[in-house]
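Encoded as structure tokens, the structure appears first; notes follow it.
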2 protein chains.
Amino acid sequence: MECAKVKRVTFLGSGGFATSLAIHLARGNRACVIWGKDSDYCNAMAVSRVNGRHLPGVPIPDSVLITADFQKAIADCDLLIASTPTAYLRQTLDRVAIHVPDSLPVLSLVKGLERETLKRPSQIVEDVLGSRRVAVLSGPSHAEEVAQGRPTSLVISSESEDLAETVQKFFGFGPLRLYRNDDPTGVELAGALKNIMGIAAGLCDGLDLGDNAKAALLSRGLIEMTRFAVAHGAQARTFFGLAGVGDLMTTCFSGHGRNRSLGRWLATGMTLDQITKSTTHVFEGAFTTFSVADSARRCQIPMPITEAVENILTGSLEPWQAVKNLMNRPSGSEYDDLDF
Amino acid sequence: MECAKVKRVTFLGSGGFATSLAIHLARGNRACVIWGKDSDYCNAMAVSRVNGRHLPGVPIPDSVLITADFQKAIADCDLLIASTPTAYLRQTLDRVAIHVPDSLPVLSLVKGLERETLKRPSQIVEDVLGSRRVAVLSGPSHAEEVAQGRPTSLVISSESEDLAETVQKFFGFGPLRLYRNDDPTGVELAGALKNIMGIAAGLCDGLDLGDNAKAALLSRGLIEMTRFAVAHGAQARTFFGLAGVGDLMTTCFSGHGRNRSLGRWLATGMTLDQITKSTTHVFEGAFTTFSVADSARRCQIPMPITEAVENILTGSLEPWQAVKNLMNRPSGSEYDDLDF
């Protein structure tokens, strides 16, 4: 199968971002299919032409095929697009694997790390579907704005330059710009690690620490994220780009993401348990924090902000005490052990 | 004169940031003097103990000497702190130069570039006062928050590690953390170039382009700033830290800085001339944009965002057309010509 000939893509998962990209593709006369595992919901969406649960108020053009029948969804597909939450990726792939051709390339929109294994989405894809060309798409991208046709710039990253270029051509038109990057490991780690900083930003907001403190926290957080990622094979410069700094900005400054809300609630003195019981939300960022903090300890990677967030989440440290501890650490040179 | 023995510092200029740092130093029992060129204003401030013009509502402790008599101000001074606006730095230094000892080190808080020469503040200091040890302090730092004792992290940069460490010890206590950095060129260029992106952020807000566009603009803007700075001898990684990303975040997301307001007004269709006439503000960022865009052209450094801001400022391009042009540029790989 030649990447250069991508003519039709299939979204595995019917979330907000997948839907917004499908709408974008339809506007450019690109053929695409949305598959969702919930057949009742999918059938209703196919009739109403709106994804009321995840992207209310935006009509989905008729040219987008919406179906819960995977065999129908995958027919004539040149690119499978993984677009489930991290927690459901493996089981969803398991369910459809038998129908996925061996050579079909996969594009992942998934941001997160598998809880027990710390595996990146592209690794889960290859675990389940076998070795193949995989690309990842990331960057600052509220689904609502993509659907509204507002200007958005993303990063497309793959070890296969051919696949990256193909995806760039297929998605990059009109208000959507794609920049190529050759560090999928870094792009995926950035997409997961920024959720920890989202919680930290919410804590900062909730404690009313001010703009100076928040900018400092995020600058230092970015260096900490980079340190962890570089130790896991990523390139530092990826964190300097759209998937790093760019996504961190929207996560920590704009709108009210889930992780930021969690941080704000923690700042009021509520425990993670109390917060979890008061909402139906799943706080992926909390699990990412636990997994990453644990891994950082084992690898002896200094991550003071992540560790502080972990201790606040487990209730072993008061938010205010965490701030004091962070301020009282010895401050050396700006880059210490980060070589780039 | 040994840096390690700094006991008393003198602020050359009585702006908001200088005043907030003087208040911070006084809280740590460090001796400091504020000198201002406007003797009436200085004398009034010495009596009222408030800098009503630049930092209203925050009392200045009695231990801070406030004077318009430079010979009095410089007596027993171990560190001169340049804290005037860029546009007045050279003339202010000229005025006091005869009283400044040859070996007295200078710390600059000045963010900007000299209009005609594109010189950095530390270069102006050495032009006027002669070769000496110079350090620069930068990072995300609203003066109000420093004065309120809210947590703030800054970068102290000097070619003299000894001077950087001395300043770090003198200023770094309580809510103020200083990280050392050995790239004063990068720190000073970051402090000036971010003003261009402040205007761009204001345009983005004013045109209501959305969070995705703003994050993309700033990510790409950061890379553009870095490209220019590296071509002028700076280290790329400085832009990854507090003086780069950190300061860019506060400039573009928090409060309503002057440059952001300028961008917002430009977005309404007003011309720079109309805006300038309607306010007493001096828009340093506009002059920085003209100087940097001109220099970038001469050095053949691609700076599409800076160029767009320049063309909007001169009235040769409508803001909306600028956005369209930026979106329609060919998008290649994320780092193209930026080696780091």
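Residue numbering restarts at 1 in every chain; chains get A, B, ... in the order shown in the structure tokens, and ligands count up from 1 in that same order.
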
I'd like the superposed copy of chain A - fitted to chain B by least squares over all paired Cα atoms - as a short mmCIF file (atom, residue, chain, number, x, y, z; two decimals) with C-alpha atoms, in the first residue's frame.
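Okay, this is what ended up in out.cif:
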data_model
loop_
_atom_site.label_atom_id
_atom_site.label_comp_id
_atom_site.auth_asym_id
_atom_site.auth_seq_id
_atom_site.Cartn_x
_atom_site.Cartn_y
_atom_site.Cartn_z
CA MET A 1 36.22 45.53 44.36
CA GLU A 2 35.15 42.00 45.27
CA CYS A 3 31.71 40.96 44.11
CA ALA A 4 31.41 38.53 46.97
CA LYS A 5 31.27 41.53 49.27
CA VAL A 6 28.23 43.28 47.80
CA LYS A 7 26.60 45.06 50.72
CA ARG A 8 24.75 47.95 49.14
CA VAL A 9 23.23 48.44 45.70
CA THR A 10 21.94 51.48 43.86
CA PHE A 11 19.04 51.50 41.42
CA LEU A 12 19.60 53.93 38.53
CA GLY A 13 15.96 54.66 37.79
CA SER A 14 12.80 54.57 39.87
CA GLY A 15 10.42 52.45 37.80
CA GLY A 16 8.02 49.82 39.09
CA PHE A 17 10.34 46.84 38.81
CA ALA A 18 13.26 48.66 40.48
CA THR A 19 10.98 49.75 43.31
CA SER A 20 9.57 46.25 43.79
CA LEU A 21 13.09 44.79 43.98
CA ALA A 22 14.13 47.48 46.47
CA ILE A 23 11.15 46.52 48.66
CA HIS A 24 12.13 42.86 48.37
CA LEU A 25 15.74 43.63 49.33
CA ALA A 26 14.65 45.71 52.30
CA ARG A 27 12.59 42.76 53.56
CA GLY A 28 15.80 40.73 53.56
CA ASN A 29 17.74 43.49 55.34
CA ARG A 30 19.83 44.25 52.26
CA ALA A 31 20.85 47.89 51.90
CA CYS A 32 19.68 49.65 48.76
CA VAL A 33 19.19 53.08 47.26
CA ILE A 34 16.75 54.27 44.64
CA TRP A 35 18.01 57.14 42.48
CA GLY A 36 15.67 58.95 40.11
CA LYS A 37 16.44 61.80 37.73
CA ASP A 38 13.23 63.69 38.54
CA SER A 39 14.20 65.34 41.84
CA ASP A 40 10.71 66.65 42.68
CA TYR A 41 9.23 63.20 42.22
CA CYS A 42 12.08 61.55 44.12
CA ASN A 43 11.77 63.90 47.07
CA ALA A 44 8.00 63.36 47.22
CA MET A 45 8.53 59.58 47.09
CA ALA A 46 11.12 59.83 49.89
CA VAL A 47 8.48 61.47 52.06
CA SER A 48 5.35 59.52 51.05
CA ARG A 49 7.26 56.21 50.90
CA VAL A 50 5.14 55.15 47.91
CA ASN A 51 5.99 55.14 44.20
CA GLY A 52 2.55 56.38 43.19
CA ARG A 53 3.35 56.65 39.49
CA HIS A 54 4.77 53.18 38.93
CA LEU A 55 3.83 50.99 41.89
CA PRO A 56 0.87 52.53 43.66
CA GLY A 57 -0.34 51.21 46.98
CA VAL A 58 2.82 49.43 48.13
CA PRO A 59 4.75 51.07 51.00
CA ILE A 60 8.51 51.34 50.56
CA PRO A 61 10.33 50.41 53.81
CA ASP A 62 12.18 53.25 55.53
CA SER A 63 15.51 51.46 55.13
CA VAL A 64 15.42 52.16 51.37
CA LEU A 65 17.22 55.45 50.70
CA ILE A 66 15.45 57.44 47.97
CA THR A 67 17.37 60.33 46.45
CA ALA A 68 17.89 62.37 43.28
CA ASP A 69 21.44 63.19 44.38
CA PHE A 70 23.55 60.70 42.46
CA GLN A 71 26.74 61.29 44.44
CA LYS A 72 24.82 60.46 47.59
CA ALA A 73 23.19 57.49 45.88
CA ILE A 74 26.45 55.97 44.66
CA ALA A 75 28.37 56.34 47.95
CA ASP A 76 29.43 52.91 49.30
CA CYS A 77 27.67 51.27 46.36
CA ASP A 78 28.94 47.81 45.37
CA LEU A 79 26.60 47.23 42.44
CA LEU A 80 24.91 49.72 40.13
CA ILE A 81 21.54 48.56 38.82
CA ALA A 82 20.50 50.00 35.46
CA SER A 83 16.72 50.27 35.59
CA THR A 84 15.59 52.96 33.14
CA PRO A 85 13.51 52.44 30.00
CA THR A 86 15.73 51.45 27.04
CA ALA A 87 15.17 54.78 25.32
CA TYR A 88 16.65 56.73 28.26
CA LEU A 89 19.46 54.38 29.25
CA ARG A 90 22.30 55.99 27.27
CA GLN A 91 21.48 59.56 28.25
CA THR A 92 20.99 58.63 31.91
CA LEU A 93 24.33 56.82 32.02
CA ASP A 94 26.00 59.78 30.26
CA ARG A 95 24.67 62.06 32.96
CA VAL A 96 26.06 60.07 35.89
CA ALA A 97 29.11 58.42 34.27
CA ILE A 98 31.65 60.77 35.79
CA HIS A 99 30.67 59.61 39.30
CA VAL A 100 30.72 55.87 38.56
CA PRO A 101 33.91 54.12 39.72
CA ASP A 102 35.81 52.25 37.01
CA SER A 103 35.51 48.83 38.51
CA LEU A 104 31.91 49.03 39.72
CA PRO A 105 29.94 46.10 38.30
CA VAL A 106 26.55 46.80 36.74
CA LEU A 107 23.37 44.77 36.79
CA SER A 108 20.85 45.58 34.04
CA LEU A 109 17.09 45.13 34.40
CA VAL A 110 16.49 46.90 31.08
CA LYS A 111 14.47 45.02 28.45
CA GLY A 112 14.78 46.36 24.92
CA LEU A 113 17.18 47.28 22.12
CA GLU A 114 18.48 50.72 21.22
CA ARG A 115 16.48 51.95 18.24
CA GLU A 116 19.14 53.12 15.83
CA THR A 117 21.94 50.77 16.80
CA LEU A 118 20.06 47.59 17.86
CA LYS A 119 22.49 47.50 20.80
CA ARG A 120 21.59 45.53 23.90
CA PRO A 121 21.43 47.35 27.27
CA SER A 122 24.65 45.72 28.51
CA GLN A 123 26.43 46.98 25.38
CA ILE A 124 25.15 50.50 26.02
CA VAL A 125 26.44 50.24 29.61
CA GLU A 126 29.92 49.32 28.39
CA ASP A 127 29.80 51.97 25.66
CA VAL A 128 29.21 54.71 28.20
CA LEU A 129 30.88 53.45 31.37
CA GLY A 130 33.67 51.45 29.76
CA SER A 131 34.48 47.76 29.97
CA ARG A 132 33.47 46.14 33.25
CA ARG A 133 31.61 43.16 34.68
CA VAL A 134 27.94 43.31 33.69
CA ALA A 135 25.07 40.99 34.56
CA VAL A 136 21.46 40.99 33.36
CA LEU A 137 18.33 39.95 35.26
CA SER A 138 15.23 38.83 33.39
CA GLY A 139 12.25 36.50 33.44
CA PRO A 140 8.50 36.62 34.11
CA SER A 141 8.18 39.39 36.68
CA HIS A 142 5.19 41.68 37.12
CA ALA A 143 6.46 44.31 39.56
CA GLU A 144 3.21 44.27 41.58
CA GLU A 145 3.65 40.59 42.35
CA VAL A 146 7.30 40.96 43.34
CA ALA A 147 6.29 43.79 45.67
CA GLN A 148 3.49 41.65 47.12
CA GLY A 149 6.02 38.96 47.94
CA ARG A 150 4.48 36.43 45.56
CA PRO A 151 6.72 33.60 44.31
CA THR A 152 8.86 34.73 41.37
CA SER A 153 11.70 32.97 39.54
CA LEU A 154 14.20 34.89 37.46
CA VAL A 155 17.33 34.34 35.45
CA ILE A 156 20.62 36.01 36.30
CA SER A 157 23.09 35.95 33.46
CA SER A 158 26.64 37.14 33.13
CA GLU A 159 29.89 36.24 31.49
CA SER A 160 31.33 36.57 34.99
CA GLU A 161 30.18 33.53 36.94
CA ASP A 162 31.37 35.24 40.10
CA LEU A 163 29.12 38.25 39.50
CA ALA A 164 26.14 36.00 38.64
CA GLU A 165 26.61 34.06 41.87
CA THR A 166 26.94 37.23 43.90
CA VAL A 167 23.72 38.68 42.50
CA GLN A 168 22.02 35.30 42.98
CA LYS A 169 22.95 35.36 46.67
CA PHE A 170 22.03 39.00 47.19
CA PHE A 171 18.58 38.85 45.57
CA GLY A 172 17.65 35.19 45.91
CA PHE A 173 15.81 34.67 49.19
CA GLY A 174 12.23 34.36 50.34
CA PRO A 175 9.80 34.48 47.43
CA LEU A 176 12.48 35.33 44.84
CA ARG A 177 14.47 32.53 43.19
CA LEU A 178 17.31 33.22 40.77
CA TYR A 179 18.67 30.70 38.31
CA ARG A 180 22.09 31.29 36.78
CA ASN A 181 22.58 31.31 33.03
CA ASP A 182 25.75 32.06 31.06
CA ASP A 183 24.20 33.65 27.98
CA PRO A 184 23.55 37.37 28.65
CA THR A 185 23.20 38.00 24.89
CA GLY A 186 20.34 35.50 24.68
CA VAL A 187 18.67 36.78 27.84
CA GLU A 188 18.75 40.39 26.61
CA LEU A 189 17.55 39.52 23.09
CA ALA A 190 14.70 37.43 24.54
CA GLY A 191 13.60 40.38 26.67
CA ALA A 192 13.41 42.62 23.60
CA LEU A 193 12.07 40.19 20.98
CA LYS A 194 9.15 39.03 23.14
CA ASN A 195 7.67 42.52 22.75
CA ILE A 196 7.10 41.82 19.05
CA MET A 197 5.23 38.65 19.98
CA GLY A 198 3.26 40.67 22.54
CA ILE A 199 1.91 42.80 19.68
CA ALA A 200 1.19 39.64 17.67
CA ALA A 201 -0.64 38.10 20.66
CA GLY A 202 -2.76 41.25 20.98
CA LEU A 203 -3.63 41.04 17.28
CA CYS A 204 -4.57 37.40 17.77
CA ASP A 205 -6.81 38.31 20.72
CA GLY A 206 -8.33 41.28 18.90
CA LEU A 207 -9.14 39.23 15.79
CA ASP A 208 -10.57 36.50 18.05
CA LEU A 209 -8.55 33.85 16.23
CA GLY A 210 -8.84 31.41 19.12
CA ASP A 211 -6.57 29.55 21.53
CA ASN A 212 -5.16 27.15 18.94
CA ALA A 213 -4.01 30.01 16.74
CA LYS A 214 -2.52 31.92 19.64
CA ALA A 215 -0.55 28.94 20.95
CA ALA A 216 0.65 28.20 17.41
CA LEU A 217 1.62 31.83 16.85
CA LEU A 218 3.63 31.93 20.05
CA SER A 219 5.31 28.56 19.45
CA ARG A 220 6.32 29.61 15.97
CA GLY A 221 7.19 33.06 17.30
CA LEU A 222 9.50 31.52 19.87
CA ILE A 223 11.32 29.61 17.14
CA GLU A 224 11.57 32.79 15.09
CA MET A 225 12.95 34.75 18.07
CA THR A 226 15.48 31.98 18.67
CA ARG A 227 16.56 31.92 15.03
CA PHE A 228 17.27 35.66 15.13
CA ALA A 229 19.08 35.46 18.47
CA VAL A 230 21.23 32.47 17.53
CA ALA A 231 22.31 34.34 14.40
CA HIS A 232 23.38 37.15 16.75
CA GLY A 233 25.46 34.94 19.04
CA ALA A 234 22.90 33.73 21.59
CA GLN A 235 22.36 30.18 22.81
CA ALA A 236 19.11 28.55 21.67
CA ARG A 237 18.46 26.96 25.06
CA THR A 238 18.10 30.35 26.75
CA PHE A 239 14.82 30.73 24.85
CA PHE A 240 13.66 27.49 26.40
CA GLY A 241 13.97 28.95 29.89
CA LEU A 242 12.60 31.67 32.15
CA ALA A 243 13.81 34.62 30.03
CA GLY A 244 12.36 33.02 26.88
CA VAL A 245 9.26 30.86 27.23
CA GLY A 246 8.61 32.14 30.76
CA ASP A 247 8.58 35.83 29.95
CA LEU A 248 6.72 35.18 26.67
CA MET A 249 3.88 33.55 28.62
CA THR A 250 3.31 36.49 30.95
CA THR A 251 3.68 38.96 28.08
CA CYS A 252 1.12 37.17 25.94
CA PHE A 253 -1.36 35.66 28.38
CA SER A 254 -1.50 37.61 31.60
CA GLY A 255 -2.62 41.14 32.36
CA HIS A 256 -2.76 43.71 29.62
CA GLY A 257 0.72 44.79 28.68
CA ARG A 258 1.28 47.79 26.49
CA ASN A 259 2.34 45.80 23.46
CA ARG A 260 -0.66 43.52 23.67
CA SER A 261 -2.95 46.56 23.88
CA LEU A 262 -1.26 47.94 20.77
CA GLY A 263 -1.97 44.67 18.94
CA ARG A 264 -5.60 44.73 20.05
CA TRP A 265 -6.05 48.29 18.81
CA LEU A 266 -4.42 47.45 15.48
CA ALA A 267 -6.91 44.60 15.11
CA THR A 268 -9.77 47.12 15.18
CA GLY A 269 -8.33 48.76 12.07
CA MET A 270 -6.75 51.77 13.81
CA THR A 271 -3.38 52.88 12.44
CA LEU A 272 -0.24 53.15 14.56
CA ASP A 273 -0.40 56.90 14.11
CA GLN A 274 -4.00 57.10 15.37
CA ILE A 275 -3.18 54.85 18.33
CA THR A 276 -0.06 56.83 19.26
CA LYS A 277 -2.01 60.09 19.19
CA SER A 278 -4.76 58.69 21.43
CA THR A 279 -2.44 57.78 24.32
CA THR A 280 0.65 58.99 26.14
CA HIS A 281 2.21 55.51 25.95
CA VAL A 282 5.44 54.88 24.11
CA PHE A 283 5.23 51.60 22.22
CA GLU A 284 8.79 50.28 22.48
CA GLY A 285 7.63 47.05 20.84
CA ALA A 286 6.78 48.88 17.63
CA PHE A 287 10.30 50.27 17.33
CA THR A 288 11.77 46.88 18.21
CA THR A 289 9.68 45.36 15.41
CA PHE A 290 10.96 47.86 12.84
CA SER A 291 14.60 47.48 13.90
CA VAL A 292 14.51 43.68 14.11
CA ALA A 293 12.60 43.20 10.84
CA ASP A 294 15.11 45.44 9.10
CA SER A 295 18.09 43.61 10.57
CA ALA A 296 16.54 40.21 9.78
CA ARG A 297 16.13 41.22 6.13
CA ARG A 298 19.73 42.37 5.91
CA CYS A 299 20.95 39.13 7.52
CA GLN A 300 18.46 37.00 5.53
CA ILE A 301 16.91 35.49 8.64
CA PRO A 302 13.34 34.33 7.94
CA MET A 303 10.97 36.02 10.42
CA PRO A 304 7.49 35.79 8.90
CA ILE A 305 5.61 36.77 12.08
CA THR A 306 7.82 39.79 12.78
CA GLU A 307 7.48 40.84 9.15
CA ALA A 308 3.69 40.53 9.33
CA VAL A 309 3.60 42.66 12.50
CA GLU A 310 5.86 45.22 10.77
CA ASN A 311 3.56 45.40 7.74
CA ILE A 312 0.49 45.81 9.93
CA LEU A 313 2.25 48.57 11.91
CA THR A 314 3.18 50.46 8.74
CA GLY A 315 -0.36 50.02 7.42
CA SER A 316 0.76 48.16 4.30
CA LEU A 317 -1.10 44.99 5.27
CA GLU A 318 -4.56 44.38 6.75
CA PRO A 319 -4.45 42.21 9.90
CA TRP A 320 -6.75 39.61 8.33
CA GLN A 321 -4.67 39.44 5.19
CA ALA A 322 -1.58 38.90 7.35
CA VAL A 323 -3.23 35.90 9.01
CA LYS A 324 -4.16 34.47 5.61
CA ASN A 325 -0.62 34.95 4.31
CA LEU A 326 0.86 33.24 7.38
CA MET A 327 -1.54 30.29 6.99
CA ASN A 328 -0.73 29.93 3.32
CA ARG A 329 3.04 29.78 3.66
CA PRO A 330 4.43 26.39 2.75
CA SER A 331 4.82 24.42 5.98
CA GLY A 332 7.83 22.17 6.04
CA SER A 333 9.47 20.52 8.99
CA GLU A 334 9.22 22.06 12.42
CA TYR A 335 12.83 23.19 12.83
CA ASP A 336 14.01 23.72 9.27
CA ASP A 337 17.09 25.81 9.69
CA LEU A 338 17.25 25.94 13.46
CA ASP A 339 20.07 23.73 14.69
CA PHE A 340 19.78 22.66 18.28
#
